[in-house]
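A quick write-up on the structure given underneath.
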2 protein chains.
Amino acid sequence: MEAATQAFDGADKIRRAAADLFGERGFDAVSIAHIAERAGSSKANIFHHFGSKEALYFAVLREAVDRSTDHFRDAMRAELDPSQRVERAIRGSLTVLFEDPERARLIFREIMESGPCRAEALANEVFGDDFTALTRLFADIQPAGETEGAVPPSFLAHVLLSCNVMLFHCHQVLRHLPGGEYAEQQEHYIKMLSDVLLSSMRAKQETNA
Amino acid sequence: MEAATQAFDGADKIRRAAADLFGERGFDAVSIAHIAERAGSSKANIFHHFGSKEALYFAVLREAVDRSTDHFRDAMRAELDPSQRVERAIRGSLTVLFEDPERARLIFREIMESGPCRAEALANEVFGDDFTALTRLFADIQPAGETEGAVPPSFLAHVLLSCNVMLFHCHQVLRHLPGGEYAEQQEHYIKMLSDVLLSSMRAKQETNA
DNA sequence: AATGCCGCTGACCAATCGATCAGTCAGCTT
DNA sequence: AAGCTGACTGATCGATTGGTCAGCGGCATT
């Protein structure tokens, strides 16, 4: 029978140590020796389990991605009125980011670094589902019949995710900016972003100069 | 008399090569030997001019920051009607990013990596001016008297910068997302983001559930 | 012509990198 | 007890890392 502490493999401890270090400092700044030390293991054992540094990195990345999508989908299942659903979506996405910062940084670094080759795979396998779910949420909320000149739902998803990701990565800088107090008042931030998104859905005024 | 080709120092060529490589791959993934090779110089010469790898990195970073702020301030000096000024600001910020991608990536990486210690310095010396200028633009545009329950200008600046930075870093991924065609149609993107920002400035409807 | 300075180089250094190796040990099967 | 398997280790590999150093050649000054 397994122990009550979830039965930590040696391989699991290595994966966790690697996830922390890769998330903090990136692929190149972390050495196998560091990971082995943090995991309480030996260098050779890492190669025994994962074969190469790159393979370990991909294993860690894939696990991070899988857990991330699970979290996100749970966060926006409710069927409430529009403003509550939007706030829920913002809060959910924010939670995914701040609950496991190393994982979030790991994934974003991968996006930044990925050339055109890996980008398509990342879009399909990693972010496609989340983005589609968010897009559908905005499409559902939008007042029927006003979809003509309005901002498309997928772009509202872009706005939501962009603001959250920026807040996550830069909040240490943002809070020192003039008028950047919102970076430390999460509820206030959610309210403001929700206002922006909702108001740009109803608008149907003169859209052209 | 200097040559017509701007008189490239050996030191200048090193700086340029380093800026390219650091921007592409980050600090740790780039070696002095790589930089020397790309610059057509020798390893030892780099240490002769800059003393250490870290010093070279900071020199490159500081130069990138200085040039970036200059570009941005020019981009939004005009005094047109609100929608045109907003579009101008979006386009200006976008130009800063895409005109010199290595520089932009260099700076953003520094923001991501910087702990609380360096974050305040970065906020004051690097982004403070741009952010303040953008904030003032939105404050000017906002209809007088409606500043009560409205979204504050500094948050609109956050939205603008977030969306642009996200588009810049992730556009290879975004264009493969369902509904992500806007990532490749810059004018369309500007129009949509402008709509979002403008409509959330006029809104004064029921702001609470 | 001798001087000092400066941009620059090849050879070299200790340290560390990712990776491989032979080999130890515990547990399972027969 | 014999045999096998898989987790694990210390020693070690060649390559590469950031960094040092003595010295070269051109150029201006004296």
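Residue names in the structure tokens use chain letters A, B, ... in the order shown, residue numbers from 1 in each chain, and ligand numbers from 1 in the order shown.
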Contacts of segment 30-92 of chain B with segment 103-127 of chain B up to 7 Å, shortest pair per row, only C-alpha atoms, as JSON lines:
```
{"residue": "B:Leu61", "atom": "CA", "partner": "B:Ile107", "partner_atom": "CA", "distance": 6.9}
{"residue": "B:Ala64", "atom": "CA", "partner": "B:Arg103", "partner_atom": "CA", "distance": 5.7}
{"residue": "B:Val65", "atom": "CA", "partner": "B:Val126", "partner_atom": "CA", "distance": 6.4}
```
Show me, as a tab-separated table, the residues of chain D having an atom within 8 Å of chain B, each with the closest atom pair and its distance in Å, using only C-alpha atoms (C1' of nucleotides).
```
residue	atom	partner	partner_atom	distance
D:DT17	C1'	B:Ser31	CA	7.6
D:DG18	C1'	B:Lys53	CA	7.6
D:DG19	C1'	B:Ser52	CA	7.9
```
For those residues, write all heavy atoms to a file as a PDB file, in the first residue's frame.
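The resulting result.pdb:
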```
ATOM      1  P    DT D  17      30.224  27.857 -25.027  1.00  0.00           P
ATOM      2  OP1  DT D  17      28.906  28.217 -25.576  1.00  0.00           O
ATOM      3  OP2  DT D  17      31.464  28.189 -25.765  1.00  0.00           O
ATOM      4  O5'  DT D  17      30.338  28.477 -23.561  1.00  0.00           O
ATOM      5  C5'  DT D  17      29.445  28.029 -22.529  1.00  0.00           C
ATOM      6  C4'  DT D  17      29.976  28.394 -21.170  1.00  0.00           C
ATOM      7  O4'  DT D  17      31.076  27.525 -20.845  1.00  0.00           O
ATOM      8  C3'  DT D  17      30.574  29.784 -21.078  1.00  0.00           C
ATOM      9  O3'  DT D  17      29.569  30.731 -20.820  1.00  0.00           O
ATOM     10  C2'  DT D  17      31.519  29.648 -19.887  1.00  0.00           C
ATOM     11  C1'  DT D  17      31.906  28.175 -19.904  1.00  0.00           C
ATOM     12  N1   DT D  17      33.322  27.912 -20.303  1.00  0.00           N
ATOM     13  C2   DT D  17      34.292  27.840 -19.336  1.00  0.00           C
ATOM     14  O2   DT D  17      34.068  28.003 -18.162  1.00  0.00           O
ATOM     15  N3   DT D  17      35.549  27.572 -19.826  1.00  0.00           N
ATOM     16  C4   DT D  17      35.921  27.376 -21.140  1.00  0.00           C
ATOM     17  O4   DT D  17      37.076  27.132 -21.454  1.00  0.00           O
ATOM     18  C5   DT D  17      34.855  27.487 -22.093  1.00  0.00           C
ATOM     19  C7   DT D  17      35.147  27.302 -23.556  1.00  0.00           C
ATOM     20  C6   DT D  17      33.626  27.739 -21.638  1.00  0.00           C
ATOM     21  P    DG D  18      29.817  32.291 -21.217  1.00  0.00           P
ATOM     22  OP1  DG D  18      28.506  32.968 -21.207  1.00  0.00           O
ATOM     23  OP2  DG D  18      30.659  32.320 -22.425  1.00  0.00           O
ATOM     24  O5'  DG D  18      30.680  32.827 -19.995  1.00  0.00           O
ATOM     25  C5'  DG D  18      30.132  32.788 -18.684  1.00  0.00           C
ATOM     26  C4'  DG D  18      31.192  33.189 -17.685  1.00  0.00           C
ATOM     27  O4'  DG D  18      32.335  32.318 -17.834  1.00  0.00           O
ATOM     28  C3'  DG D  18      31.722  34.616 -17.853  1.00  0.00           C
ATOM     29  O3'  DG D  18      31.994  35.182 -16.574  1.00  0.00           O
ATOM     30  C2'  DG D  18      32.989  34.398 -18.661  1.00  0.00           C
ATOM     31  C1'  DG D  18      33.488  33.069 -18.135  1.00  0.00           C
ATOM     32  N9   DG D  18      34.269  32.314 -19.117  1.00  0.00           N
ATOM     33  C8   DG D  18      33.937  32.071 -20.421  1.00  0.00           C
ATOM     34  N7   DG D  18      34.833  31.385 -21.065  1.00  0.00           N
ATOM     35  C5   DG D  18      35.829  31.156 -20.127  1.00  0.00           C
ATOM     36  C6   DG D  18      37.063  30.459 -20.250  1.00  0.00           C
ATOM     37  O6   DG D  18      37.535  29.894 -21.231  1.00  0.00           O
ATOM     38  N1   DG D  18      37.779  30.472 -19.045  1.00  0.00           N
ATOM     39  C2   DG D  18      37.354  31.068 -17.882  1.00  0.00           C
ATOM     40  N2   DG D  18      38.171  30.978 -16.833  1.00  0.00           N
ATOM     41  N3   DG D  18      36.201  31.715 -17.755  1.00  0.00           N
ATOM     42  C4   DG D  18      35.495  31.719 -18.918  1.00  0.00           C
ATOM     43  P    DG D  19      32.605  36.711 -16.523  1.00  0.00           P
ATOM     44  OP1  DG D  19      32.255  37.274 -15.212  1.00  0.00           O
ATOM     45  OP2  DG D  19      32.201  37.412 -17.750  1.00  0.00           O
ATOM     46  O5'  DG D  19      34.178  36.481 -16.527  1.00  0.00           O
ATOM     47  C5'  DG D  19      34.775  35.726 -15.469  1.00  0.00           C
ATOM     48  C4'  DG D  19      36.270  35.587 -15.710  1.00  0.00           C
ATOM     49  O4'  DG D  19      36.512  34.722 -16.838  1.00  0.00           O
ATOM     50  C3'  DG D  19      37.014  36.898 -16.015  1.00  0.00           C
ATOM     51  O3'  DG D  19      37.986  37.142 -15.005  1.00  0.00           O
ATOM     52  C2'  DG D  19      37.627  36.670 -17.380  1.00  0.00           C
ATOM     53  C1'  DG D  19      37.697  35.146 -17.463  1.00  0.00           C
ATOM     54  N9   DG D  19      37.711  34.643 -18.837  1.00  0.00           N
ATOM     55  C8   DG D  19      36.750  34.810 -19.804  1.00  0.00           C
ATOM     56  N7   DG D  19      37.058  34.238 -20.942  1.00  0.00           N
ATOM     57  C5   DG D  19      38.302  33.670 -20.713  1.00  0.00           C
ATOM     58  C6   DG D  19      39.142  32.916 -21.580  1.00  0.00           C
ATOM     59  O6   DG D  19      38.946  32.602 -22.743  1.00  0.00           O
ATOM     60  N1   DG D  19      40.327  32.520 -20.940  1.00  0.00           N
ATOM     61  C2   DG D  19      40.645  32.828 -19.645  1.00  0.00           C
ATOM     62  N2   DG D  19      41.824  32.378 -19.208  1.00  0.00           N
ATOM     63  N3   DG D  19      39.871  33.520 -18.826  1.00  0.00           N
ATOM     64  C4   DG D  19      38.721  33.905 -19.424  1.00  0.00           C
TER      65       DG D  19
END
```
Taking only C-alpha atoms (C1' of nucleotides) into account, produce a table as a Markdown table in which each residue of chain C with an atom at most 9 Å from an atom of chain A appears once, together with its shortest atom pair and the distance in Å to one decimal, ordered by chain and rising number.
```
| residue | atom | partner | partner_atom | distance |
| --- | --- | --- | --- | --- |
| C:DC17 | C1' | A:Ser31 | CA | 7.6 |
| C:DG18 | C1' | A:Lys53 | CA | 7.6 |
| C:DA19 | C1' | A:Ser52 | CA | 8.0 |
| C:DT20 | C1' | A:Ala44 | CA | 8.8 |
```
Kindly assemble as JSON lines a list of the chain A residues that lie within 8 Å of chain B, each paired with its nearest atom pair and their distance in Å to one decimal, using only C-alpha atoms, sorted first by chain and then by ascending residue number.
```
{"residue": "A:Arg25", "atom": "CA", "partner": "B:Glu113", "partner_atom": "CA", "distance": 7.6}
{"residue": "A:Asp28", "atom": "CA", "partner": "B:Ala29", "partner_atom": "CA", "distance": 5.5}
{"residue": "A:Ala29", "atom": "CA", "partner": "B:Asp28", "partner_atom": "CA", "distance": 5.5}
{"residue": "A:Ser83", "atom": "CA", "partner": "B:Ala209", "partner_atom": "CA", "distance": 7.4}
{"residue": "A:Gln84", "atom": "CA", "partner": "B:Ala209", "partner_atom": "CA", "distance": 7.9}
{"residue": "A:Ile111", "atom": "CA", "partner": "B:Cys170", "partner_atom": "CA", "distance": 6.5}
{"residue": "A:Met112", "atom": "CA", "partner": "B:His169", "partner_atom": "CA", "distance": 5.6}
{"residue": "A:Glu113", "atom": "CA", "partner": "B:Arg25", "partner_atom": "CA", "distance": 7.4}
{"residue": "A:Gly115", "atom": "CA", "partner": "B:Gln172", "partner_atom": "CA", "distance": 7.5}
{"residue": "A:Pro116", "atom": "CA", "partner": "B:Gln172", "partner_atom": "CA", "distance": 6.0}
{"residue": "A:Ala119", "atom": "CA", "partner": "B:Val173", "partner_atom": "CA", "distance": 4.9}
{"residue": "A:Glu120", "atom": "CA", "partner": "B:His176", "partner_atom": "CA", "distance": 5.9}
{"residue": "A:Leu122", "atom": "CA", "partner": "B:Val173", "partner_atom": "CA", "distance": 6.9}
{"residue": "A:Ala123", "atom": "CA", "partner": "B:Val173", "partner_atom": "CA", "distance": 5.3}
{"residue": "A:Asn124", "atom": "CA", "partner": "B:Leu177", "partner_atom": "CA", "distance": 7.2}
{"residue": "A:Phe127", "atom": "CA", "partner": "B:Leu177", "partner_atom": "CA", "distance": 7.9}
{"residue": "A:Gly128", "atom": "CA", "partner": "B:Leu177", "partner_atom": "CA", "distance": 5.9}
{"residue": "A:Phe131", "atom": "CA", "partner": "B:Leu177", "partner_atom": "CA", "distance": 7.4}
{"residue": "A:Thr132", "atom": "CA", "partner": "B:Pro178", "partner_atom": "CA", "distance": 6.7}
{"residue": "A:Val151", "atom": "CA", "partner": "B:Met192", "partner_atom": "CA", "distance": 6.1}
{"residue": "A:Ser154", "atom": "CA", "partner": "B:Gly179", "partner_atom": "CA", "distance": 5.4}
{"residue": "A:Phe155", "atom": "CA", "partner": "B:Gly180", "partner_atom": "CA", "distance": 7.6}
{"residue": "A:His158", "atom": "CA", "partner": "B:Cys163", "partner_atom": "CA", "distance": 7.2}
{"residue": "A:Val159", "atom": "CA", "partner": "B:Cys163", "partner_atom": "CA", "distance": 5.9}
{"residue": "A:Ser162", "atom": "CA", "partner": "B:Cys163", "partner_atom": "CA", "distance": 5.2}
{"residue": "A:Cys163", "atom": "CA", "partner": "B:Ser162", "partner_atom": "CA", "distance": 5.2}
{"residue": "A:Val165", "atom": "CA", "partner": "B:Ser162", "partner_atom": "CA", "distance": 7.9}
{"residue": "A:Met166", "atom": "CA", "partner": "B:Ser162", "partner_atom": "CA", "distance": 5.6}
{"residue": "A:His169", "atom": "CA", "partner": "B:Met112", "partner_atom": "CA", "distance": 5.7}
{"residue": "A:Cys170", "atom": "CA", "partner": "B:Met112", "partner_atom": "CA", "distance": 6.4}
{"residue": "A:Gln172", "atom": "CA", "partner": "B:Ala119", "partner_atom": "CA", "distance": 5.8}
{"residue": "A:Val173", "atom": "CA", "partner": "B:Ala119", "partner_atom": "CA", "distance": 4.9}
{"residue": "A:Leu174", "atom": "CA", "partner": "B:Ala123", "partner_atom": "CA", "distance": 7.0}
{"residue": "A:His176", "atom": "CA", "partner": "B:Glu120", "partner_atom": "CA", "distance": 5.9}
{"residue": "A:Leu177", "atom": "CA", "partner": "B:Ala123", "partner_atom": "CA", "distance": 5.9}
{"residue": "A:Pro178", "atom": "CA", "partner": "B:Thr132", "partner_atom": "CA", "distance": 6.7}
{"residue": "A:Gly179", "atom": "CA", "partner": "B:Ser154", "partner_atom": "CA", "distance": 5.5}
{"residue": "A:Gly180", "atom": "CA", "partner": "B:Ser154", "partner_atom": "CA", "distance": 6.7}
{"residue": "A:Tyr182", "atom": "CA", "partner": "B:Phe155", "partner_atom": "CA", "distance": 7.8}
{"residue": "A:Met192", "atom": "CA", "partner": "B:Val151", "partner_atom": "CA", "distance": 6.1}
{"residue": "A:Asp195", "atom": "CA", "partner": "B:Ser200", "partner_atom": "CA", "distance": 7.1}
{"residue": "A:Val196", "atom": "CA", "partner": "B:Ser200", "partner_atom": "CA", "distance": 5.0}
{"residue": "A:Leu197", "atom": "CA", "partner": "B:Val196", "partner_atom": "CA", "distance": 7.4}
{"residue": "A:Ser199", "atom": "CA", "partner": "B:Ser200", "partner_atom": "CA", "distance": 5.3}
{"residue": "A:Ser200", "atom": "CA", "partner": "B:Val196", "partner_atom": "CA", "distance": 5.0}
{"residue": "A:Ala203", "atom": "CA", "partner": "B:Ser199", "partner_atom": "CA", "distance": 6.2}
{"residue": "A:Thr207", "atom": "CA", "partner": "B:Asp195", "partner_atom": "CA", "distance": 7.4}
{"residue": "A:Ala209", "atom": "CA", "partner": "B:Ser83", "partner_atom": "CA", "distance": 7.7}
```
Residues near DT29 of chain D, cut-off 10 Å, only C-alpha atoms (C1' of nucleotides), skip fewer than 2 positions along chain, as a list of chain:residue names: C:DT3, C:DG4, D:DC27
Would you save the residues of that selection, restricted to N, CA, C and O atoms (P, O5', C5', C4', C3', O3' and C1' of nucleotides), as a PDB file, in the first residue's frame?
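Ended up saving to result22.pdb:
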```
ATOM      1  P    DT C   3      62.782  54.090 -25.249  1.00  0.00           P
ATOM      2  O5'  DT C   3      61.359  54.754 -25.045  1.00  0.00           O
ATOM      3  C5'  DT C   3      61.280  56.158 -24.722  1.00  0.00           C
ATOM      4  C4'  DT C   3      59.820  56.593 -24.748  1.00  0.00           C
ATOM      5  C3'  DT C   3      58.861  55.604 -24.104  1.00  0.00           C
ATOM      6  O3'  DT C   3      58.590  55.999 -22.759  1.00  0.00           O
ATOM      7  C1'  DT C   3      57.984  56.541 -26.156  1.00  0.00           C
ATOM      8  P    DG C   4      57.832  54.980 -21.795  1.00  0.00           P
ATOM      9  O5'  DG C   4      56.292  55.305 -22.038  1.00  0.00           O
ATOM     10  C5'  DG C   4      55.845  56.659 -22.081  1.00  0.00           C
ATOM     11  C4'  DG C   4      54.430  56.716 -22.637  1.00  0.00           C
ATOM     12  C3'  DG C   4      53.455  55.718 -21.986  1.00  0.00           C
ATOM     13  O3'  DG C   4      52.234  56.379 -21.707  1.00  0.00           O
ATOM     14  C1'  DG C   4      53.480  55.400 -24.338  1.00  0.00           C
TER      15       DG C   4
ATOM     16  P    DC D  27      47.996  53.395 -38.757  1.00  0.00           P
ATOM     17  O5'  DC D  27      47.756  54.566 -37.711  1.00  0.00           O
ATOM     18  C5'  DC D  27      47.101  54.287 -36.472  1.00  0.00           C
ATOM     19  C4'  DC D  27      47.458  55.335 -35.437  1.00  0.00           C
ATOM     20  C3'  DC D  27      48.139  56.593 -35.995  1.00  0.00           C
ATOM     21  O3'  DC D  27      47.568  57.745 -35.416  1.00  0.00           O
ATOM     22  C1'  DC D  27      49.424  55.693 -34.237  1.00  0.00           C
TER      23       DC D  27
END
```
Point-to-point distance from atom CA of Gly40 of chain A to atom CA of Val96 of chain A, Å rounded to tenths: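 If I compute the distance from atom CA of Gly40 of chain A to atom CA of Val96 of chain A, I get 28.5 Å.
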